[in-house]
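Asker: For reference, this is target-v7.cif, and it has mmCIF, N, CA, C and O atoms.
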```cif
data_input
#
loop_
_atom_site.label_atom_id
_atom_site.label_comp_id
_atom_site.auth_asym_id
_atom_site.auth_seq_id
_atom_site.Cartn_x
_atom_site.Cartn_y
_atom_site.Cartn_z
N MET Z 1 10.29 5.45 -21.88
CA MET Z 1 9.47 4.37 -21.31
C MET Z 1 9.43 4.54 -19.80
O MET Z 1 10.43 4.80 -19.16
N SER Z 2 8.27 4.37 -19.20
CA SER Z 2 8.14 4.55 -17.76
C SER Z 2 8.42 3.25 -17.02
O SER Z 2 8.30 2.16 -17.55
N ASP Z 3 8.80 3.40 -15.78
CA ASP Z 3 9.09 2.27 -14.90
C ASP Z 3 7.79 1.51 -14.62
O ASP Z 3 6.79 2.13 -14.25
N PRO Z 4 7.78 0.18 -14.78
CA PRO Z 4 6.54 -0.57 -14.53
C PRO Z 4 6.07 -0.48 -13.07
O PRO Z 4 4.91 -0.68 -12.77
N GLU Z 5 6.99 -0.15 -12.15
CA GLU Z 5 6.64 0.00 -10.74
C GLU Z 5 6.10 1.39 -10.44
O GLU Z 5 5.62 1.65 -9.35
N GLU Z 6 6.18 2.30 -11.41
CA GLU Z 6 5.74 3.67 -11.20
C GLU Z 6 4.22 3.74 -11.09
O GLU Z 6 3.49 3.11 -11.84
N LEU Z 7 3.76 4.53 -10.14
CA LEU Z 7 2.32 4.73 -9.97
C LEU Z 7 1.81 5.68 -11.04
O LEU Z 7 2.42 6.70 -11.31
N THR Z 8 0.68 5.35 -11.61
CA THR Z 8 0.05 6.27 -12.55
C THR Z 8 -0.91 7.17 -11.77
O THR Z 8 -1.29 6.86 -10.64
N MET Z 9 -1.29 8.26 -12.39
CA MET Z 9 -2.24 9.17 -11.75
C MET Z 9 -3.57 8.45 -11.51
O MET Z 9 -4.22 8.67 -10.49
N GLU Z 10 -3.95 7.58 -12.43
CA GLU Z 10 -5.21 6.85 -12.28
C GLU Z 10 -5.13 5.90 -11.08
O GLU Z 10 -6.10 5.73 -10.36
N GLU Z 11 -3.98 5.27 -10.86
CA GLU Z 11 -3.82 4.40 -9.69
C GLU Z 11 -3.94 5.20 -8.40
O GLU Z 11 -4.54 4.73 -7.43
N VAL Z 12 -3.39 6.41 -8.38
CA VAL Z 12 -3.51 7.26 -7.21
C VAL Z 12 -4.99 7.59 -6.97
O VAL Z 12 -5.47 7.52 -5.84
N ARG Z 13 -5.70 7.93 -8.04
CA ARG Z 13 -7.14 8.22 -7.91
C ARG Z 13 -7.91 7.01 -7.37
O ARG Z 13 -8.76 7.14 -6.51
N GLN Z 14 -7.58 5.82 -7.89
CA GLN Z 14 -8.26 4.60 -7.46
C GLN Z 14 -7.97 4.29 -5.99
O GLN Z 14 -8.87 3.90 -5.24
N ARG Z 15 -6.73 4.47 -5.57
CA ARG Z 15 -6.37 4.23 -4.18
C ARG Z 15 -7.07 5.22 -3.25
O ARG Z 15 -7.54 4.84 -2.18
N ALA Z 16 -7.14 6.46 -3.68
CA ALA Z 16 -7.83 7.48 -2.88
C ALA Z 16 -9.31 7.14 -2.77
O ALA Z 16 -9.89 7.22 -1.68
N ARG Z 17 -9.90 6.75 -3.88
CA ARG Z 17 -11.32 6.38 -3.88
C ARG Z 17 -11.56 5.18 -2.96
O ARG Z 17 -12.50 5.18 -2.17
N ALA Z 18 -10.69 4.18 -3.03
CA ALA Z 18 -10.83 2.99 -2.19
C ALA Z 18 -10.68 3.33 -0.70
O ALA Z 18 -11.32 2.71 0.14
N ALA Z 19 -9.84 4.33 -0.41
CA ALA Z 19 -9.63 4.73 0.98
C ALA Z 19 -10.68 5.72 1.46
O ALA Z 19 -10.71 6.07 2.63
N GLY Z 20 -11.53 6.17 0.53
CA GLY Z 20 -12.55 7.14 0.90
C GLY Z 20 -11.98 8.53 1.12
O GLY Z 20 -12.52 9.30 1.90
N VAL Z 21 -10.88 8.83 0.44
CA VAL Z 21 -10.20 10.12 0.59
C VAL Z 21 -10.41 10.95 -0.66
O VAL Z 21 -10.31 10.44 -1.78
N THR Z 22 -10.68 12.23 -0.48
CA THR Z 22 -10.79 13.14 -1.61
C THR Z 22 -9.50 13.93 -1.74
O THR Z 22 -9.04 14.53 -0.76
N ILE Z 23 -8.91 13.88 -2.92
CA ILE Z 23 -7.67 14.61 -3.18
C ILE Z 23 -7.93 15.56 -4.33
O ILE Z 23 -8.40 15.14 -5.40
N ALA Z 24 -7.61 16.82 -4.12
CA ALA Z 24 -7.77 17.83 -5.17
C ALA Z 24 -6.86 17.50 -6.35
O ALA Z 24 -5.74 17.02 -6.16
N GLU Z 25 -7.36 17.74 -7.55
CA GLU Z 25 -6.59 17.42 -8.77
C GLU Z 25 -5.21 18.08 -8.76
O GLU Z 25 -4.25 17.49 -9.21
N ASN Z 26 -5.14 19.31 -8.25
CA ASN Z 26 -3.85 20.01 -8.28
C ASN Z 26 -2.86 19.43 -7.26
O ASN Z 26 -1.70 19.82 -7.25
N ARG Z 27 -3.29 18.50 -6.43
CA ARG Z 27 -2.39 17.87 -5.45
C ARG Z 27 -2.06 16.42 -5.79
O ARG Z 27 -1.26 15.78 -5.11
N LEU Z 28 -2.65 15.90 -6.85
CA LEU Z 28 -2.43 14.50 -7.20
C LEU Z 28 -0.97 14.18 -7.49
O LEU Z 28 -0.48 13.13 -7.08
N ALA Z 29 -0.27 15.05 -8.17
CA ALA Z 29 1.14 14.79 -8.50
C ALA Z 29 1.98 14.69 -7.23
O ALA Z 29 2.84 13.83 -7.11
N MET Z 30 1.71 15.57 -6.26
CA MET Z 30 2.45 15.55 -5.00
C MET Z 30 2.13 14.26 -4.24
O MET Z 30 3.04 13.60 -3.72
N VAL Z 31 0.86 13.89 -4.19
CA VAL Z 31 0.45 12.67 -3.49
C VAL Z 31 1.07 11.45 -4.17
O VAL Z 31 1.52 10.51 -3.51
N ARG Z 32 1.11 11.47 -5.48
CA ARG Z 32 1.71 10.37 -6.24
C ARG Z 32 3.17 10.20 -5.86
O ARG Z 32 3.64 9.08 -5.62
N LYS Z 33 3.91 11.29 -5.76
CA LYS Z 33 5.33 11.24 -5.40
C LYS Z 33 5.49 10.72 -3.97
O LYS Z 33 6.33 9.85 -3.70
N LEU Z 34 4.70 11.25 -3.04
CA LEU Z 34 4.79 10.81 -1.64
C LEU Z 34 4.43 9.34 -1.49
O LEU Z 34 5.09 8.60 -0.75
N LEU Z 35 3.40 8.90 -2.19
CA LEU Z 35 2.99 7.51 -2.12
C LEU Z 35 4.05 6.60 -2.72
O LEU Z 35 4.38 5.54 -2.17
N ALA Z 36 4.63 7.00 -3.83
CA ALA Z 36 5.69 6.21 -4.47
C ALA Z 36 6.89 6.09 -3.53
O ALA Z 36 7.48 5.02 -3.39
N ASP Z 37 7.25 7.19 -2.88
CA ASP Z 37 8.38 7.17 -1.93
C ASP Z 37 8.07 6.26 -0.74
O ASP Z 37 8.95 5.54 -0.27
N ALA Z 38 6.84 6.29 -0.27
CA ALA Z 38 6.45 5.47 0.87
C ALA Z 38 6.42 3.98 0.51
O ALA Z 38 6.74 3.13 1.34
N LEU Z 39 6.04 3.66 -0.72
CA LEU Z 39 5.93 2.26 -1.14
C LEU Z 39 7.27 1.67 -1.61
O LEU Z 39 7.38 0.45 -1.72
N ALA Z 40 8.26 2.50 -1.87
CA ALA Z 40 9.54 2.03 -2.41
C ALA Z 40 10.18 0.93 -1.54
O ALA Z 40 10.59 -0.10 -2.09
N PRO Z 41 10.28 1.10 -0.23
CA PRO Z 41 10.90 0.03 0.57
C PRO Z 41 10.10 -1.27 0.53
O PRO Z 41 10.69 -2.36 0.54
N VAL Z 42 8.79 -1.18 0.47
CA VAL Z 42 7.95 -2.38 0.41
C VAL Z 42 8.16 -3.10 -0.92
O VAL Z 42 8.30 -4.32 -0.98
N ARG Z 43 8.19 -2.33 -1.98
CA ARG Z 43 8.38 -2.93 -3.32
C ARG Z 43 9.77 -3.50 -3.49
O ARG Z 43 9.97 -4.39 -4.32
N ALA Z 44 10.74 -2.99 -2.73
CA ALA Z 44 12.11 -3.47 -2.84
C ALA Z 44 12.29 -4.83 -2.17
O ALA Z 44 13.27 -5.53 -2.45
N LEU Z 45 11.37 -5.21 -1.29
CA LEU Z 45 11.48 -6.50 -0.61
C LEU Z 45 11.26 -7.65 -1.58
O LEU Z 45 10.41 -7.59 -2.45
N ASP Z 46 12.02 -8.70 -1.38
CA ASP Z 46 11.81 -9.92 -2.14
C ASP Z 46 11.04 -10.87 -1.23
O ASP Z 46 11.61 -11.45 -0.31
N SER Z 47 9.76 -10.99 -1.48
CA SER Z 47 8.92 -11.80 -0.58
C SER Z 47 9.33 -13.26 -0.58
O SER Z 47 9.04 -13.99 0.37
N ARG Z 48 10.03 -13.70 -1.61
CA ARG Z 48 10.49 -15.09 -1.64
C ARG Z 48 11.61 -15.33 -0.63
O ARG Z 48 11.83 -16.44 -0.20
N ALA Z 49 12.32 -14.26 -0.24
CA ALA Z 49 13.43 -14.39 0.69
C ALA Z 49 12.97 -14.33 2.15
O ALA Z 49 13.75 -14.60 3.05
N ILE Z 50 11.71 -13.99 2.36
CA ILE Z 50 11.20 -13.88 3.72
C ILE Z 50 10.71 -15.25 4.19
O ILE Z 50 9.89 -15.88 3.53
N LYS Z 51 11.25 -15.68 5.32
CA LYS Z 51 10.88 -16.99 5.85
C LYS Z 51 9.50 -16.92 6.49
O LYS Z 51 9.20 -16.02 7.27
N ALA Z 52 8.65 -17.85 6.15
CA ALA Z 52 7.32 -17.93 6.75
C ALA Z 52 7.46 -18.46 8.18
O ALA Z 52 8.18 -19.42 8.44
N VAL Z 53 6.79 -17.80 9.10
CA VAL Z 53 6.83 -18.22 10.50
C VAL Z 53 5.41 -18.30 11.05
O VAL Z 53 4.49 -17.68 10.53
N GLU Z 54 5.27 -19.05 12.09
CA GLU Z 54 3.98 -19.14 12.77
C GLU Z 54 3.77 -17.87 13.58
O GLU Z 54 4.72 -17.25 14.02
N PRO Z 55 2.53 -17.51 13.82
CA PRO Z 55 2.28 -16.31 14.63
C PRO Z 55 2.81 -16.51 16.05
O PRO Z 55 2.76 -17.62 16.59
N ALA Z 56 3.32 -15.43 16.64
CA ALA Z 56 3.85 -15.51 18.00
C ALA Z 56 2.73 -15.69 19.02
O ALA Z 56 2.93 -16.28 20.07
N VAL Z 57 1.58 -15.17 18.72
CA VAL Z 57 0.46 -15.22 19.66
C VAL Z 57 -0.75 -15.80 18.93
O VAL Z 57 -1.01 -15.47 17.78
N THR Z 58 -1.46 -16.64 19.62
CA THR Z 58 -2.72 -17.15 19.07
C THR Z 58 -3.84 -16.78 20.04
O THR Z 58 -3.60 -16.56 21.22
N PHE Z 59 -5.02 -16.74 19.55
CA PHE Z 59 -6.17 -16.36 20.35
C PHE Z 59 -7.19 -17.48 20.30
O PHE Z 59 -7.61 -17.89 19.23
N ALA Z 60 -7.55 -17.97 21.45
CA ALA Z 60 -8.57 -19.01 21.55
C ALA Z 60 -9.64 -18.52 22.52
O ALA Z 60 -9.47 -18.65 23.73
N PRO Z 61 -10.71 -17.94 22.03
CA PRO Z 61 -11.73 -17.39 22.95
C PRO Z 61 -12.43 -18.51 23.73
O PRO Z 61 -12.65 -19.60 23.23
N ARG Z 62 -12.75 -18.18 24.97
CA ARG Z 62 -13.49 -19.11 25.82
C ARG Z 62 -14.86 -18.51 26.10
O ARG Z 62 -15.01 -17.30 26.15
N GLY Z 63 -15.81 -19.37 26.31
CA GLY Z 63 -17.13 -18.90 26.67
C GLY Z 63 -17.14 -18.33 28.09
O GLY Z 63 -16.30 -18.68 28.91
N ARG Z 64 -18.07 -17.45 28.35
CA ARG Z 64 -18.19 -16.90 29.70
C ARG Z 64 -18.70 -17.97 30.66
O ARG Z 64 -19.55 -18.78 30.29
N PRO Z 65 -18.22 -17.95 31.91
CA PRO Z 65 -18.65 -18.99 32.88
C PRO Z 65 -20.08 -18.82 33.31
O PRO Z 65 -20.72 -17.89 33.23
#
```
Please express the file's structure as structure tokens.

Answerer:
Amino acid sequence: MSDPEELTMEEVRQRARAAGVTIAENRLAMVRKLLADALAPVRALDSRAIKAVEPAVTFAPRGRP
């Protein structure tokens, strides 16, 4: 049984298509591994444990004089 967090080849194709990137079929497995490694720390985060904070900077545009 595969890990539910594991990227499928089709997901890699869809992400590449969405990004407008062309990846050769013979490189998809390598890209899949690199993408999975890059996403691992993000997926390991528990978003419920992250405290919501207000933005440090706000932008209020003014009209030209």

Asker: How far is it from CA of Val12 in chain Z to CA of Arg32 in chain Z, in Å with one decimal?

Answerer: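 Separation between CA of Val12 in chain Z and CA of Arg32 in chain Z: 6.2 Å.
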
Asker: Looking at Z:Pro61, Z:Arg17, Z:Glu54, Z:Met9, which one is nearest to Ala29 in chain Z, with distances taken over all atoms listed in the file?

Answerer: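 The shortest atom-to-atom distance to Ala29 in chain Z comes from Z:Met9.
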
Asker: What residues in range 33-64 of chain Z get the DSSP label alpha helix (DSSP H)? Please answer as a ChimeraX atom specification.

Answerer: /Z:33-44

Asker: Please dump the current selection as a PDB file, in the frame of the given file; keep N, CA, C and O atoms.

Answerer:
```
ATOM      1  N   LYS Z  33       3.910  11.290  -5.760  1.00  0.00           N
ATOM      2  CA  LYS Z  33       5.330  11.240  -5.400  1.00  0.00           C
ATOM      3  C   LYS Z  33       5.490  10.720  -3.970  1.00  0.00           C
ATOM      4  O   LYS Z  33       6.330   9.850  -3.700  1.00  0.00           O
ATOM      5  N   LEU Z  34       4.700  11.250  -3.040  1.00  0.00           N
ATOM      6  CA  LEU Z  34       4.790  10.810  -1.640  1.00  0.00           C
ATOM      7  C   LEU Z  34       4.430   9.340  -1.490  1.00  0.00           C
ATOM      8  O   LEU Z  34       5.090   8.600  -0.750  1.00  0.00           O
ATOM      9  N   LEU Z  35       3.400   8.900  -2.190  1.00  0.00           N
ATOM     10  CA  LEU Z  35       2.990   7.510  -2.120  1.00  0.00           C
ATOM     11  C   LEU Z  35       4.050   6.600  -2.720  1.00  0.00           C
ATOM     12  O   LEU Z  35       4.380   5.540  -2.170  1.00  0.00           O
ATOM     13  N   ALA Z  36       4.630   7.000  -3.830  1.00  0.00           N
ATOM     14  CA  ALA Z  36       5.690   6.210  -4.470  1.00  0.00           C
ATOM     15  C   ALA Z  36       6.890   6.090  -3.530  1.00  0.00           C
ATOM     16  O   ALA Z  36       7.480   5.020  -3.390  1.00  0.00           O
ATOM     17  N   ASP Z  37       7.250   7.190  -2.880  1.00  0.00           N
ATOM     18  CA  ASP Z  37       8.380   7.170  -1.930  1.00  0.00           C
ATOM     19  C   ASP Z  37       8.070   6.260  -0.740  1.00  0.00           C
ATOM     20  O   ASP Z  37       8.950   5.540  -0.270  1.00  0.00           O
ATOM     21  N   ALA Z  38       6.840   6.290  -0.270  1.00  0.00           N
ATOM     22  CA  ALA Z  38       6.450   5.470   0.870  1.00  0.00           C
ATOM     23  C   ALA Z  38       6.420   3.980   0.510  1.00  0.00           C
ATOM     24  O   ALA Z  38       6.740   3.130   1.340  1.00  0.00           O
ATOM     25  N   LEU Z  39       6.040   3.660  -0.720  1.00  0.00           N
ATOM     26  CA  LEU Z  39       5.930   2.260  -1.140  1.00  0.00           C
ATOM     27  C   LEU Z  39       7.270   1.670  -1.610  1.00  0.00           C
ATOM     28  O   LEU Z  39       7.380   0.450  -1.720  1.00  0.00           O
ATOM     29  N   ALA Z  40       8.260   2.500  -1.870  1.00  0.00           N
ATOM     30  CA  ALA Z  40       9.540   2.030  -2.410  1.00  0.00           C
ATOM     31  C   ALA Z  40      10.180   0.930  -1.540  1.00  0.00           C
ATOM     32  O   ALA Z  40      10.590  -0.100  -2.090  1.00  0.00           O
ATOM     33  N   PRO Z  41      10.280   1.100  -0.230  1.00  0.00           N
ATOM     34  CA  PRO Z  41      10.900   0.030   0.570  1.00  0.00           C
ATOM     35  C   PRO Z  41      10.100  -1.270   0.530  1.00  0.00           C
ATOM     36  O   PRO Z  41      10.690  -2.360   0.540  1.00  0.00           O
ATOM     37  N   VAL Z  42       8.790  -1.180   0.470  1.00  0.00           N
ATOM     38  CA  VAL Z  42       7.950  -2.380   0.410  1.00  0.00           C
ATOM     39  C   VAL Z  42       8.160  -3.100  -0.920  1.00  0.00           C
ATOM     40  O   VAL Z  42       8.300  -4.320  -0.980  1.00  0.00           O
ATOM     41  N   ARG Z  43       8.190  -2.330  -1.980  1.00  0.00           N
ATOM     42  CA  ARG Z  43       8.380  -2.930  -3.320  1.00  0.00           C
ATOM     43  C   ARG Z  43       9.770  -3.500  -3.490  1.00  0.00           C
ATOM     44  O   ARG Z  43       9.970  -4.390  -4.320  1.00  0.00           O
ATOM     45  N   ALA Z  44      10.740  -2.990  -2.730  1.00  0.00           N
ATOM     46  CA  ALA Z  44      12.110  -3.470  -2.840  1.00  0.00           C
ATOM     47  C   ALA Z  44      12.290  -4.830  -2.170  1.00  0.00           C
ATOM     48  O   ALA Z  44      13.270  -5.530  -2.450  1.00  0.00           O
TER      49      ALA Z  44
END
```

Asker: CA of Leu39 in chain Z and CA of Glu11 in chain Z are how many Å apart?

Answerer: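 So the two atoms, CA of Leu39 in chain Z and CA of Glu11 in chain Z, lie 13.1 Å apart.
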
Asker: Which residue gives the smallest distance to Glu5 in chain Z among Z:Arg27, Z:Arg48, Z:Arg62, Z:Arg43, with only C-alpha atoms counted?

Answerer: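 Using only C-alpha atoms, Glu5 in chain Z sits closest to Z:Arg43.
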
Asker: Report, in Å with one decimal, the straight-line distance from atom N of Leu34 in chain Z to atom C of Thr22 in chain Z.

Answerer: 14.5 Å

Asker: As JSON, what would the box around range 3-21 of chain Z look like: edges along x, y and z, 8 Å added on every side, centre and edge lengths in Å to one decimal?

Answerer:
```
{"center_x": -1.7, "center_y": 5.1, "center_z": -6.6, "size_x": 37.6, "size_y": 27.6, "size_z": 34.4}
```
